[in-house]
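With PDB, C-alpha atoms inside, this is target_14.pdb:
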MODEL        1
ATOM      1  CA  MET A 230     -52.989-169.433  97.093
ATOM      2  CA  VAL A 231     -52.387-165.816  96.028
ATOM      3  CA  ARG A 232     -54.432-164.476  98.922
ATOM      4  CA  LYS A 233     -52.675-166.782 101.388
ATOM      5  CA  ASN A 234     -49.238-165.778 100.170
ATOM      6  CA  ASN A 235     -50.108-162.093 100.311
ATOM      7  CA  THR A 236     -51.395-162.456 103.859
ATOM      8  CA  LEU A 237     -48.174-164.175 104.956
ATOM      9  CA  LEU A 238     -46.092-161.510 103.258
ATOM     10  CA  LEU A 239     -47.988-158.652 104.856
ATOM     11  CA  CYS A 240     -47.903-160.429 108.209
ATOM     12  CA  LEU A 241     -44.116-160.577 108.112
ATOM     13  CA  PHE A 242     -43.915-157.076 106.693
ATOM     14  CA  LEU A 243     -45.744-155.519 109.618
ATOM     15  CA  SER A 244     -44.115-157.767 112.207
ATOM     16  CA  VAL A 245     -40.611-156.792 111.113
ATOM     17  CA  LEU A 246     -41.446-153.110 111.025
ATOM     18  CA  LEU A 247     -42.920-153.189 114.502
ATOM     19  CA  LEU A 248     -39.538-154.280 115.827
ATOM     20  CA  ALA A 249     -37.223-152.344 113.509
ATOM     21  CA  GLY A 250     -35.015-149.931 115.368
ATOM     22  CA  CYS A 251     -35.514-151.432 118.852
ATOM     23  CA  LYS A 252     -32.215-152.586 120.216
ATOM     24  CA  SER A 253     -30.833-153.361 123.650
ATOM     25  CA  SER A 254     -27.782-152.010 125.401
ATOM     26  CA  LYS A 255     -24.487-153.270 124.020
ATOM     27  CA  GLU A 256     -21.490-150.985 124.446
ATOM     28  CA  THR A 257     -18.910-150.858 121.645
ATOM     29  CA  ALA A 258     -15.523-149.213 121.204
ATOM     30  CA  THR A 259     -14.446-146.048 123.029
ATOM     31  CA  GLU A 260     -15.806-142.550 122.837
ATOM     32  CA  THR A 261     -14.262-140.582 119.976
ATOM     33  CA  ALA A 262     -13.540-136.928 119.546
ATOM     34  CA  LYS A 263     -16.377-134.465 119.227
ATOM     35  CA  ALA A 264     -15.191-133.745 115.684
ATOM     36  CA  HIS A 265     -16.341-137.215 114.583
ATOM     37  CA  ILE A 266     -19.836-136.555 115.949
ATOM     38  CA  GLU A 267     -19.977-133.305 114.021
ATOM     39  CA  GLN A 268     -18.885-135.192 110.904
ATOM     40  CA  ILE A 269     -21.752-137.661 111.305
ATOM     41  CA  LYS A 270     -24.270-134.833 111.575
ATOM     42  CA  LYS A 271     -23.299-133.680 108.087
ATOM     43  CA  THR A 272     -23.689-137.052 106.386
ATOM     44  CA  ALA A 273     -26.524-138.059 104.064
ATOM     45  CA  ALA A 274     -27.436-140.734 106.628
ATOM     46  CA  VAL A 275     -28.598-137.924 108.905
ATOM     47  CA  SER A 276     -29.775-135.261 106.487
ATOM     48  CA  GLY A 277     -31.440-137.753 104.165
ATOM     49  CA  GLY A 278     -30.570-137.583 100.493
ATOM     50  CA  LEU A 279     -34.178-137.797  99.275
ATOM     51  CA  SER A 280     -37.295-136.535 101.001
ATOM     52  CA  GLY A 281     -39.485-138.764  98.858
ATOM     53  CA  VAL A 282     -39.170-141.804  96.617
ATOM     54  CA  SER A 283     -41.291-144.091  94.444
ATOM     55  CA  ALA A 284     -40.282-147.385  92.852
ATOM     56  CA  LYS A 285     -41.350-150.749  91.557
ATOM     57  CA  VAL A 286     -40.426-153.437  94.055
ATOM     58  CA  ARG A 287     -39.917-157.164  94.294
ATOM     59  CA  LEU A 288     -40.688-158.431  97.803
ATOM     60  CA  SER A 289     -39.337-161.714  99.127
ATOM     61  CA  ALA A 290     -40.102-163.040 102.596
ATOM     62  CA  ASN A 291     -38.773-165.972 104.586
ATOM     63  CA  ILE A 292     -40.755-166.883 107.701
ATOM     64  CA  ASN A 293     -39.140-169.690 109.674
ATOM     65  CA  GLY A 294     -38.115-171.423 106.452
ATOM     66  CA  LYS A 295     -41.308-170.706 104.510
ATOM     67  CA  GLN A 296     -40.745-168.456 101.523
ATOM     68  CA  VAL A 297     -43.183-166.202  99.697
ATOM     69  CA  SER A 298     -42.626-163.478  97.126
ATOM     70  CA  SER A 299     -44.568-160.941  95.136
ATOM     71  CA  SER A 300     -44.114-157.850  93.044
ATOM     72  CA  GLY A 301     -45.489-154.450  93.973
ATOM     73  CA  SER A 302     -44.625-150.810  94.423
ATOM     74  CA  LEU A 303     -43.252-148.523  97.105
ATOM     75  CA  LYS A 304     -43.964-144.857  97.684
ATOM     76  CA  ALA A 305     -42.675-142.763 100.583
ATOM     77  CA  LEU A 306     -42.632-139.055 101.362
ATOM     78  CA  ALA A 307     -41.218-137.483 104.514
ATOM     79  CA  GLY A 308     -43.953-136.246 106.802
ATOM     80  CA  ALA A 309     -46.721-137.675 104.617
ATOM     81  CA  GLY A 310     -46.624-141.476 104.554
ATOM     82  CA  VAL A 311     -45.200-144.771 103.350
ATOM     83  CA  GLN A 312     -47.223-146.982 101.016
ATOM     84  CA  VAL A 313     -46.472-150.560  99.954
ATOM     85  CA  SER A 314     -48.698-152.183  97.336
ATOM     86  CA  VAL A 315     -48.707-155.918  96.594
ATOM     87  CA  THR A 316     -49.271-156.804  92.941
ATOM     88  CA  PRO A 317     -49.011-160.570  92.294
ATOM     89  CA  LEU A 318     -47.434-161.362  88.903
ATOM     90  CA  GLY A 319     -47.528-157.633  88.168
ATOM     91  CA  ILE A 320     -51.105-157.996  86.931
ATOM     92  CA  PHE A 321     -53.374-156.494  89.599
ATOM     93  CA  GLU A 322     -53.028-154.810  92.974
ATOM     94  CA  ALA A 323     -54.312-157.211  95.618
ATOM     95  CA  ALA A 324     -53.515-155.295  98.793
ATOM     96  CA  ARG A 325     -52.053-152.063 100.102
ATOM     97  CA  VAL A 326     -50.526-151.091 103.448
ATOM     98  CA  GLU A 327     -50.071-147.426 104.317
ATOM     99  CA  PHE A 328     -48.140-146.079 107.290
ATOM    100  CA  LEU A 329     -49.495-142.590 107.843
ATOM    101  CA  PRO A 330     -48.587-140.009 110.505
ATOM    102  CA  LEU A 331     -51.598-140.877 112.689
ATOM    103  CA  TYR A 332     -52.519-144.463 111.818
ATOM    104  CA  VAL A 333     -51.840-147.598 109.790
ATOM    105  CA  GLN A 334     -54.256-148.385 106.966
ATOM    106  CA  TYR A 335     -54.707-151.761 105.297
ATOM    107  CA  ILE A 336     -56.746-152.158 102.111
ATOM    108  CA  ASN A 337     -57.691-155.619 100.860
ATOM    109  CA  LYS A 338     -58.834-155.143  97.278
ATOM    110  CA  ILE A 339     -59.683-158.798  96.787
ATOM    111  CA  GLU A 340     -62.206-158.761  99.632
ATOM    112  CA  ALA A 341     -63.169-155.082  99.118
ATOM    113  CA  GLU A 342     -62.475-154.153 102.737
ATOM    114  CA  TYR A 343     -60.184-151.891 104.702
ATOM    115  CA  ALA A 344     -59.150-151.175 108.271
ATOM    116  CA  ARG A 345     -57.338-148.474 110.201
ATOM    117  CA  VAL A 346     -55.528-148.714 113.516
ATOM    118  CA  ASP A 347     -53.729-146.073 115.584
ATOM    119  CA  TYR A 348     -50.077-146.725 116.356
ATOM    120  CA  SER A 349     -51.007-146.612 120.046
ATOM    121  CA  GLY A 350     -53.451-149.441 119.381
ATOM    122  CA  ILE A 351     -50.605-151.811 118.535
ATOM    123  CA  ALA A 352     -49.188-152.993 121.852
ATOM    124  CA  LEU A 353     -45.628-153.546 120.669
ATOM    125  CA  LEU A 354     -45.443-150.135 119.027
ATOM    126  CA  LYS A 355     -46.857-148.397 122.080
ATOM    127  CA  GLN A 356     -44.597-150.247 124.491
ATOM    128  CA  HIS A 357     -41.439-149.231 122.697
ATOM    129  CA  GLY A 358     -42.563-145.819 121.497
ATOM    130  CA  ILE A 359     -42.358-146.801 117.830
ATOM    131  CA  GLY A 360     -44.379-144.748 115.418
ATOM    132  CA  PHE A 361     -44.514-143.200 112.010
ATOM    133  CA  THR A 362     -41.186-141.350 112.164
ATOM    134  CA  LEU A 363     -39.205-144.552 112.708
ATOM    135  CA  LEU A 364     -40.899-146.324 109.806
ATOM    136  CA  GLU A 365     -40.430-143.262 107.637
ATOM    137  CA  SER A 366     -36.683-143.150 108.353
ATOM    138  CA  LEU A 367     -36.378-146.862 107.597
ATOM    139  CA  PHE A 368     -37.707-146.468 104.060
ATOM    140  CA  LEU A 369     -35.904-143.189 103.353
ATOM    141  CA  ASN A 370     -32.490-144.586 104.389
ATOM    142  CA  ARG A 371     -32.042-142.216 107.309
ATOM    143  CA  ILE A 372     -30.872-142.430 110.904
ATOM    144  CA  TYR A 373     -33.832-142.419 113.261
ATOM    145  CA  VAL A 374     -33.833-139.922 116.118
ATOM    146  CA  PRO A 375     -36.148-141.079 118.949
ATOM    147  CA  ALA A 376     -39.174-138.931 119.699
ATOM    148  CA  GLY A 377     -38.551-136.183 122.213
ATOM    149  CA  LEU A 378     -34.844-135.919 121.426
ATOM    150  CA  SER A 379     -33.000-133.461 119.240
ATOM    151  CA  LEU A 380     -30.292-134.691 116.893
ATOM    152  CA  ASP A 381     -27.675-133.005 119.087
ATOM    153  CA  SER A 382     -28.848-134.652 122.287
ATOM    154  CA  PHE A 383     -29.199-138.053 120.606
ATOM    155  CA  LEU A 384     -25.666-137.988 119.219
ATOM    156  CA  ALA A 385     -24.069-136.253 122.187
ATOM    157  CA  GLY A 386     -23.144-139.506 123.903
ATOM    158  CA  ALA A 387     -22.497-141.517 120.758
ATOM    159  CA  ILE A 388     -19.621-143.983 120.623
ATOM    160  CA  VAL A 389     -17.989-144.057 117.189
ATOM    161  CA  ALA A 390     -15.829-146.960 115.996
ATOM    162  CA  ASP A 391     -13.870-147.405 112.781
ATOM    163  CA  ALA A 392     -14.897-150.533 110.848
ATOM    164  CA  GLY A 393     -13.033-150.428 107.560
ATOM    165  CA  GLU A 394     -15.152-148.694 104.937
ATOM    166  CA  ASN A 395     -17.769-147.808 107.552
ATOM    167  CA  MET A 396     -17.851-145.952 110.823
ATOM    168  CA  ILE A 397     -20.238-147.323 113.425
ATOM    169  CA  ALA A 398     -22.153-144.889 115.610
ATOM    170  CA  THR A 399     -23.780-146.378 118.707
ATOM    171  CA  CYS A 400     -26.322-144.181 120.473
ATOM    172  CA  LYS A 401     -28.418-144.829 123.566
ATOM    173  CA  ALA A 402     -31.867-143.505 124.438
ATOM    174  CA  ALA A 403     -33.385-144.749 127.687
ATOM    175  CA  ASP A 404     -32.810-148.534 127.682
ATOM    176  CA  ILE A 405     -32.459-148.805 123.909
ATOM    177  CA  THR A 406     -29.221-148.799 121.935
ATOM    178  CA  TYR A 407     -29.155-147.812 118.271
ATOM    179  CA  GLU A 408     -26.208-148.874 116.096
ATOM    180  CA  TYR A 409     -25.680-147.313 112.682
ATOM    181  CA  HIS A 410     -23.068-148.238 110.058
ATOM    182  CA  ILE A 411     -22.262-145.212 107.892
ATOM    183  CA  ASN A 412     -20.098-145.460 104.768
ATOM    184  CA  LYS A 413     -17.123-143.151 105.261
ATOM    185  CA  ALA A 414     -16.749-142.345 101.565
ATOM    186  CA  THR A 415     -20.381-141.530 100.785
ATOM    187  CA  GLY A 416     -21.914-140.708 104.174
ATOM    188  CA  LEU A 417     -24.795-143.064 103.367
ATOM    189  CA  LEU A 418     -26.434-145.394 105.879
ATOM    190  CA  ALA A 419     -25.294-148.902 104.956
ATOM    191  CA  LYS A 420     -26.526-150.982 107.870
ATOM    192  CA  SER A 421     -28.420-150.821 111.143
ATOM    193  CA  VAL A 422     -27.911-153.639 113.642
ATOM    194  CA  GLY A 423     -28.819-154.489 117.212
ATOM    195  CA  THR A 424     -30.690-156.493 119.794
ATOM    196  CA  TYR A 425     -32.943-155.494 122.621
ATOM    197  CA  LYS A 426     -33.320-156.938 126.078
ATOM    198  CA  ASN A 427     -35.844-159.679 125.325
ATOM    199  CA  GLY A 428     -33.280-161.249 123.002
ATOM    200  CA  ALA A 429     -34.811-160.194 119.683
ATOM    201  CA  SER A 430     -32.401-158.868 117.086
ATOM    202  CA  VAL A 431     -32.883-156.703 114.013
ATOM    203  CA  THR A 432     -30.587-156.113 111.074
ATOM    204  CA  CYS A 433     -31.393-153.706 108.269
ATOM    205  CA  GLU A 434     -28.950-153.662 105.353
ATOM    206  CA  TYR A 435     -28.966-151.330 102.357
ATOM    207  CA  GLY A 436     -27.149-151.995  99.097
ATOM    208  CA  LYS A 437     -26.739-151.300  95.386
ATOM    209  CA  PHE A 438     -26.958-147.536  95.779
ATOM    210  CA  GLN A 439     -27.753-145.683  92.590
ATOM    211  CA  GLN A 440     -28.050-142.070  91.572
ATOM    212  CA  VAL A 441     -31.598-140.745  91.845
ATOM    213  CA  GLY A 442     -31.848-137.055  91.093
ATOM    214  CA  ALA A 443     -29.173-135.221  93.086
ATOM    215  CA  ALA A 444     -28.763-138.006  95.662
ATOM    216  CA  GLN A 445     -28.074-141.719  95.976
ATOM    217  CA  PHE A 446     -30.638-144.250  97.144
ATOM    218  CA  PRO A 447     -30.420-148.002  97.875
ATOM    219  CA  ALA A 448     -31.923-150.391  95.337
ATOM    220  CA  THR A 449     -31.951-153.198  97.907
ATOM    221  CA  MET A 450     -33.211-153.256 101.495
ATOM    222  CA  GLU A 451     -32.929-156.387 103.629
ATOM    223  CA  LEU A 452     -34.612-156.733 107.024
ATOM    224  CA  THR A 453     -33.730-159.707 109.218
ATOM    225  CA  LEU A 454     -35.485-160.444 112.488
ATOM    226  CA  GLY A 455     -34.024-162.985 114.912
ATOM    227  CA  GLY A 456     -34.185-164.079 118.506
ATOM    228  CA  ALA A 457     -35.652-166.848 120.612
ATOM    229  CA  GLY A 458     -38.076-168.749 118.406
ATOM    230  CA  ILE A 459     -37.905-166.066 115.699
ATOM    231  CA  GLY A 460     -36.468-166.365 112.212
ATOM    232  CA  ALA A 461     -37.742-164.020 109.535
ATOM    233  CA  SER A 462     -36.413-161.845 106.759
ATOM    234  CA  LEU A 463     -37.934-159.465 104.253
ATOM    235  CA  SER A 464     -36.155-158.244 101.138
ATOM    236  CA  PHE A 465     -37.029-155.289  98.922
ATOM    237  CA  SER A 466     -35.457-155.115  95.468
ATOM    238  CA  LEU A 467     -36.249-151.748  93.900
ATOM    239  CA  SER A 468     -36.286-150.741  90.248
ATOM    240  CA  ARG A 469     -37.385-147.645  88.328
ATOM    241  CA  ILE A 470     -36.559-145.552  91.386
ATOM    242  CA  LYS A 471     -37.688-141.957  91.089
ATOM    243  CA  GLU A 472     -37.631-138.932  93.334
ATOM    244  CA  ASN A 473     -41.153-138.363  94.613
ATOM    245  CA  SER A 474     -42.721-135.144  95.891
ATOM    246  CA  GLU A 475     -46.367-136.190  96.142
ATOM    247  CA  PHE A 476     -48.249-138.507  98.462
ATOM    248  CA  THR A 477     -51.998-138.758  98.979
ATOM    249  CA  PRO A 478     -53.418-141.313 101.431
ATOM    250  CA  THR A 479     -55.798-143.756  99.803
ATOM    251  CA  LEU A 480     -59.492-143.035 100.215
ATOM    252  CA  PRO A 481     -61.211-146.441 100.061
ATOM    253  CA  SER A 482     -64.135-146.769  97.701
ATOM    254  CA  ALA A 483     -67.593-146.234  99.206
ATOM    255  CA  SER A 484     -68.344-149.836  98.292
ATOM    256  CA  TYR A 485     -65.539-151.125 100.542
ATOM    257  CA  LYS A 486     -66.446-152.512 103.942
ATOM    258  CA  LYS A 487     -64.637-151.020 106.915
ATOM    259  CA  VAL A 488     -63.585-153.780 109.302
ATOM    260  CA  SER A 489     -62.442-153.389 112.887
ATOM    261  CA  PRO A 490     -58.796-152.830 113.819
ATOM    262  CA  GLU A 491     -58.980-156.182 115.605
ATOM    263  CA  SER A 492     -59.713-157.827 112.274
ATOM    264  CA  LEU A 493     -56.698-156.090 110.765
ATOM    265  CA  LEU A 494     -54.382-157.192 113.555
ATOM    266  CA  LYS A 495     -55.695-160.755 113.378
ATOM    267  CA  LEU A 496     -55.131-160.837 109.639
ATOM    268  CA  LEU A 497     -51.583-159.530 110.052
ATOM    269  CA  GLY A 498     -50.743-161.861 112.871
ATOM    270  CA  GLY A 499     -51.028-159.279 115.642
ATOM    271  CA  LYS A 500     -52.603-159.624 119.089
TER
ENDMDL
END

Show me this structure written as structure tokens.
Amino acid sequence: MVRKNNTLLLCLFLSVLLLAGCKSSKETATETAKAHIEQIKKTAAVSGGLSGVSAKVRLSANINGKQVSSSGSLKALAGAGVQVSVTPLGIFEAARVEFLPLYVQYINKIEAEYARVDYSGIALLKQHGIGFTLLESLFLNRIYVPAGLSLDSFLAGAIVADAGENMIATCKAADITYEYHINKATGLLAKSVGTYKNGASVTCEYGKFQQVGAAQFPATMELTLGGAGIGASLSFSLSRIKENSEFTPTLPSASYKKVSPESLLKLLGGK
């Protein structure tokens, strides 16, 4: 049962991340003054309050009405990698997923095996140009700037709307629209919402910000994936959050069996 639950959790985990940040065109509000764009550039949502973080985490997943949960840990460092470990009952680490600059690595400690797959080897990632930098920004509570664009060019055509305690910046790149909700008082990224042209929708909400070092960081992250025939959510509840300045990719034990990327994708529900 533990192995089955972990597999379902990791399946949802990867599936949500593959779609995070892809949103279709949906115009909002009217274009605001250039001064508002300059204001956004100075916020923590853009600059990123922390370059690295580590924490204990409680993961809860809902896949079309089926719920699974587990404890674990999260570690992320800008430019180095994002690591999520699954530790059922807080007793032993059963599995680990690492998003590294050049590939995704999955380690199954129960079966003593591991696999690696390039981002280009995952059809959905390749099709939409999603890679490490998007996943990195997701976990570090930052606005994602699409590859090949500078911050200035990405925000140049932004539409900014006032929404109470937040301002909403809507940016377009090619056929994709990115919508970011930024808290006006703190400058922190509170929510990212949108849909893309096949009807899928993604919402990423951050909450319970707390002081970590010289910056604030969310203690809760909620990803919701919707669309035709899709209903899934993944929640991260963080504790013992610390600023992190070190990250070393896992080197699997020599006794571990390396399995093919196809085996990894099959295990995680990919194609």

Subject >> A:Phe328 surroundings by only C-alpha atoms, 8 Å radius, close-in-sequence under 3 positions cut, as a list in words >> reply: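 Contacts, in chain order: Gly310, Val311, Gln312, Tyr332, Val333, Gln334, Phe361 and Leu364 of chain A.
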
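Between A:Val441 and the residues A:Thr272, A:Asn473, A:Thr415, A:Thr362, the shortest atom-to-atom distance, using all atoms listed in the file, involves A:Asn473.
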
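Rounded to one decimal, atom CA of A:Ser283 and atom CA of A:Ser299 lie 17.2 Å from each other.
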
**OP:** Quick one: pull the distance between atom CA of A:Ala341 and atom CA of A:Ser314, Å, one decimal.
**Re:**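 Between these atoms lies a distance of 14.9 Å.
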
Original post:
Residues at most 9 Å from A:Glu394, counting all atoms listed in the file, excluding those fewer than 5 positions away in the same chain, as a PyMOL selection string?
Top reply: chain A and resi 411-414

**OP:** Please identify all polymer residues within 7 Å of A:Gly436, counting all atoms listed in the file, omitting same-chain residues fewer than 3 positions from it, and present them as a list in words.
**Re:**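 Listed by chain and then number, they are Ala419, Pro447, Ala448, Thr449 and Met450 of chain A.
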
Original post:
Mind telling me what the PyMOL selection byres ((chain A and resi 304) around 12) catches here, as number ranges by chain?
Top reply: A: 280-286, 301-303, 305-307, 309-314, 325-329, 365, 368-369, 467, 469-478

Since we have the selection now, will you write its residues out, keeping C-alpha atoms, as a JSON list (two decimals), keeping the file's coordinate frame?
[["chain", "number", "residue", "atom", "x", "y", "z"],
["A", 280, "SER", "CA", -37.30, -136.54, 101.00],
["A", 281, "GLY", "CA", -39.48, -138.76, 98.86],
["A", 282, "VAL", "CA", -39.17, -141.80, 96.62],
["A", 283, "SER", "CA", -41.29, -144.09, 94.44],
["A", 284, "ALA", "CA", -40.28, -147.38, 92.85],
["A", 285, "LYS", "CA", -41.35, -150.75, 91.56],
["A", 286, "VAL", "CA", -40.43, -153.44, 94.06],
["A", 301, "GLY", "CA", -45.49, -154.45, 93.97],
["A", 302, "SER", "CA", -44.62, -150.81, 94.42],
["A", 303, "LEU", "CA", -43.25, -148.52, 97.10],
["A", 305, "ALA", "CA", -42.68, -142.76, 100.58],
["A", 306, "LEU", "CA", -42.63, -139.06, 101.36],
["A", 307, "ALA", "CA", -41.22, -137.48, 104.51],
["A", 309, "ALA", "CA", -46.72, -137.68, 104.62],
["A", 310, "GLY", "CA", -46.62, -141.48, 104.55],
["A", 311, "VAL", "CA", -45.20, -144.77, 103.35],
["A", 312, "GLN", "CA", -47.22, -146.98, 101.02],
["A", 313, "VAL", "CA", -46.47, -150.56, 99.95],
["A", 314, "SER", "CA", -48.70, -152.18, 97.34],
["A", 325, "ARG", "CA", -52.05, -152.06, 100.10],
["A", 326, "VAL", "CA", -50.53, -151.09, 103.45],
["A", 327, "GLU", "CA", -50.07, -147.43, 104.32],
["A", 328, "PHE", "CA", -48.14, -146.08, 107.29],
["A", 329, "LEU", "CA", -49.50, -142.59, 107.84],
["A", 365, "GLU", "CA", -40.43, -143.26, 107.64],
["A", 368, "PHE", "CA", -37.71, -146.47, 104.06],
["A", 369, "LEU", "CA", -35.90, -143.19, 103.35],
["A", 467, "LEU", "CA", -36.25, -151.75, 93.90],
["A", 469, "ARG", "CA", -37.38, -147.65, 88.33],
["A", 470, "ILE", "CA", -36.56, -145.55, 91.39],
["A", 471, "LYS", "CA", -37.69, -141.96, 91.09],
["A", 472, "GLU", "CA", -37.63, -138.93, 93.33],
["A", 473, "ASN", "CA", -41.15, -138.36, 94.61],
["A", 474, "SER", "CA", -42.72, -135.14, 95.89],
["A", 475, "GLU", "CA", -46.37, -136.19, 96.14],
["A", 476, "PHE", "CA", -48.25, -138.51, 98.46],
["A", 477, "THR", "CA", -52.00, -138.76, 98.98],
["A", 478, "PRO", "CA", -53.42, -141.31, 101.43]]

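Distances to A:Thr432 were evaluated for A:Ser349, A:Gln445, A:Asn395, A:Ser462 using all atoms listed in the file, and the minimum falls at A:Ser462.
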
Original post:
Care to translate the PyMOL selection byres ((chain A and resi 373-375) around 10) into actual residues of this file, as a ChimeraX atom specification?
Top reply: /A:250,274-275,358-360,362-367,370-372,376-384,400-403,405,407,409

Original post:
Quick one: distance from atom CA of A:Glu408 to atom CA of A:Phe438 in Å, one decimal?
Top reply: 20.4 Å

**OP:** Please identify all polymer residues within 10 Å of A:Ile339, counting only C-alpha atoms, omitting same-chain residues fewer than 4 positions from it, and present them as a list of chain:residue names.
**Re:** A:Arg232, A:Phe321, A:Glu322, A:Ala323, A:Ala324

What would the file look like if the residues just selected were written as an mmCIF file, in the frame of the given file with C-alpha atoms?
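Produced file part06.cif, reproduced below:
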data_model
loop_
_atom_site.group_PDB
_atom_site.id
_atom_site.type_symbol
_atom_site.label_atom_id
_atom_site.label_comp_id
_atom_site.auth_asym_id
_atom_site.auth_seq_id
_atom_site.Cartn_x
_atom_site.Cartn_y
_atom_site.Cartn_z
ATOM 1 C CA ARG A 232 -54.432 -164.476 98.922
ATOM 2 C CA PHE A 321 -53.374 -156.494 89.599
ATOM 3 C CA GLU A 322 -53.028 -154.810 92.974
ATOM 4 C CA ALA A 323 -54.312 -157.211 95.618
ATOM 5 C CA ALA A 324 -53.515 -155.295 98.793
#

Identify the residues within 8 Å of coordinate (-29.6, -139.9, 98.0) (same frame as the file), considering all atoms listed in the file, and give the answer as a PDB file with C-alpha atoms, in the frame of the given file.
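Written out: selection_20.pdb:
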ATOM      1  CA  ALA A 273     -26.524-138.059 104.064  1.00  0.00           C
ATOM      2  CA  GLY A 277     -31.440-137.753 104.165  1.00  0.00           C
ATOM      3  CA  GLY A 278     -30.570-137.583 100.493  1.00  0.00           C
ATOM      4  CA  LEU A 279     -34.178-137.797  99.275  1.00  0.00           C
ATOM      5  CA  LEU A 417     -24.795-143.064 103.367  1.00  0.00           C
ATOM      6  CA  GLN A 440     -28.050-142.070  91.572  1.00  0.00           C
ATOM      7  CA  VAL A 441     -31.598-140.745  91.845  1.00  0.00           C
ATOM      8  CA  GLY A 442     -31.848-137.055  91.093  1.00  0.00           C
ATOM      9  CA  ALA A 443     -29.173-135.221  93.086  1.00  0.00           C
ATOM     10  CA  ALA A 444     -28.763-138.006  95.662  1.00  0.00           C
ATOM     11  CA  GLN A 445     -28.074-141.719  95.976  1.00  0.00           C
ATOM     12  CA  PHE A 446     -30.638-144.250  97.144  1.00  0.00           C
TER      13      PHE A 446
END
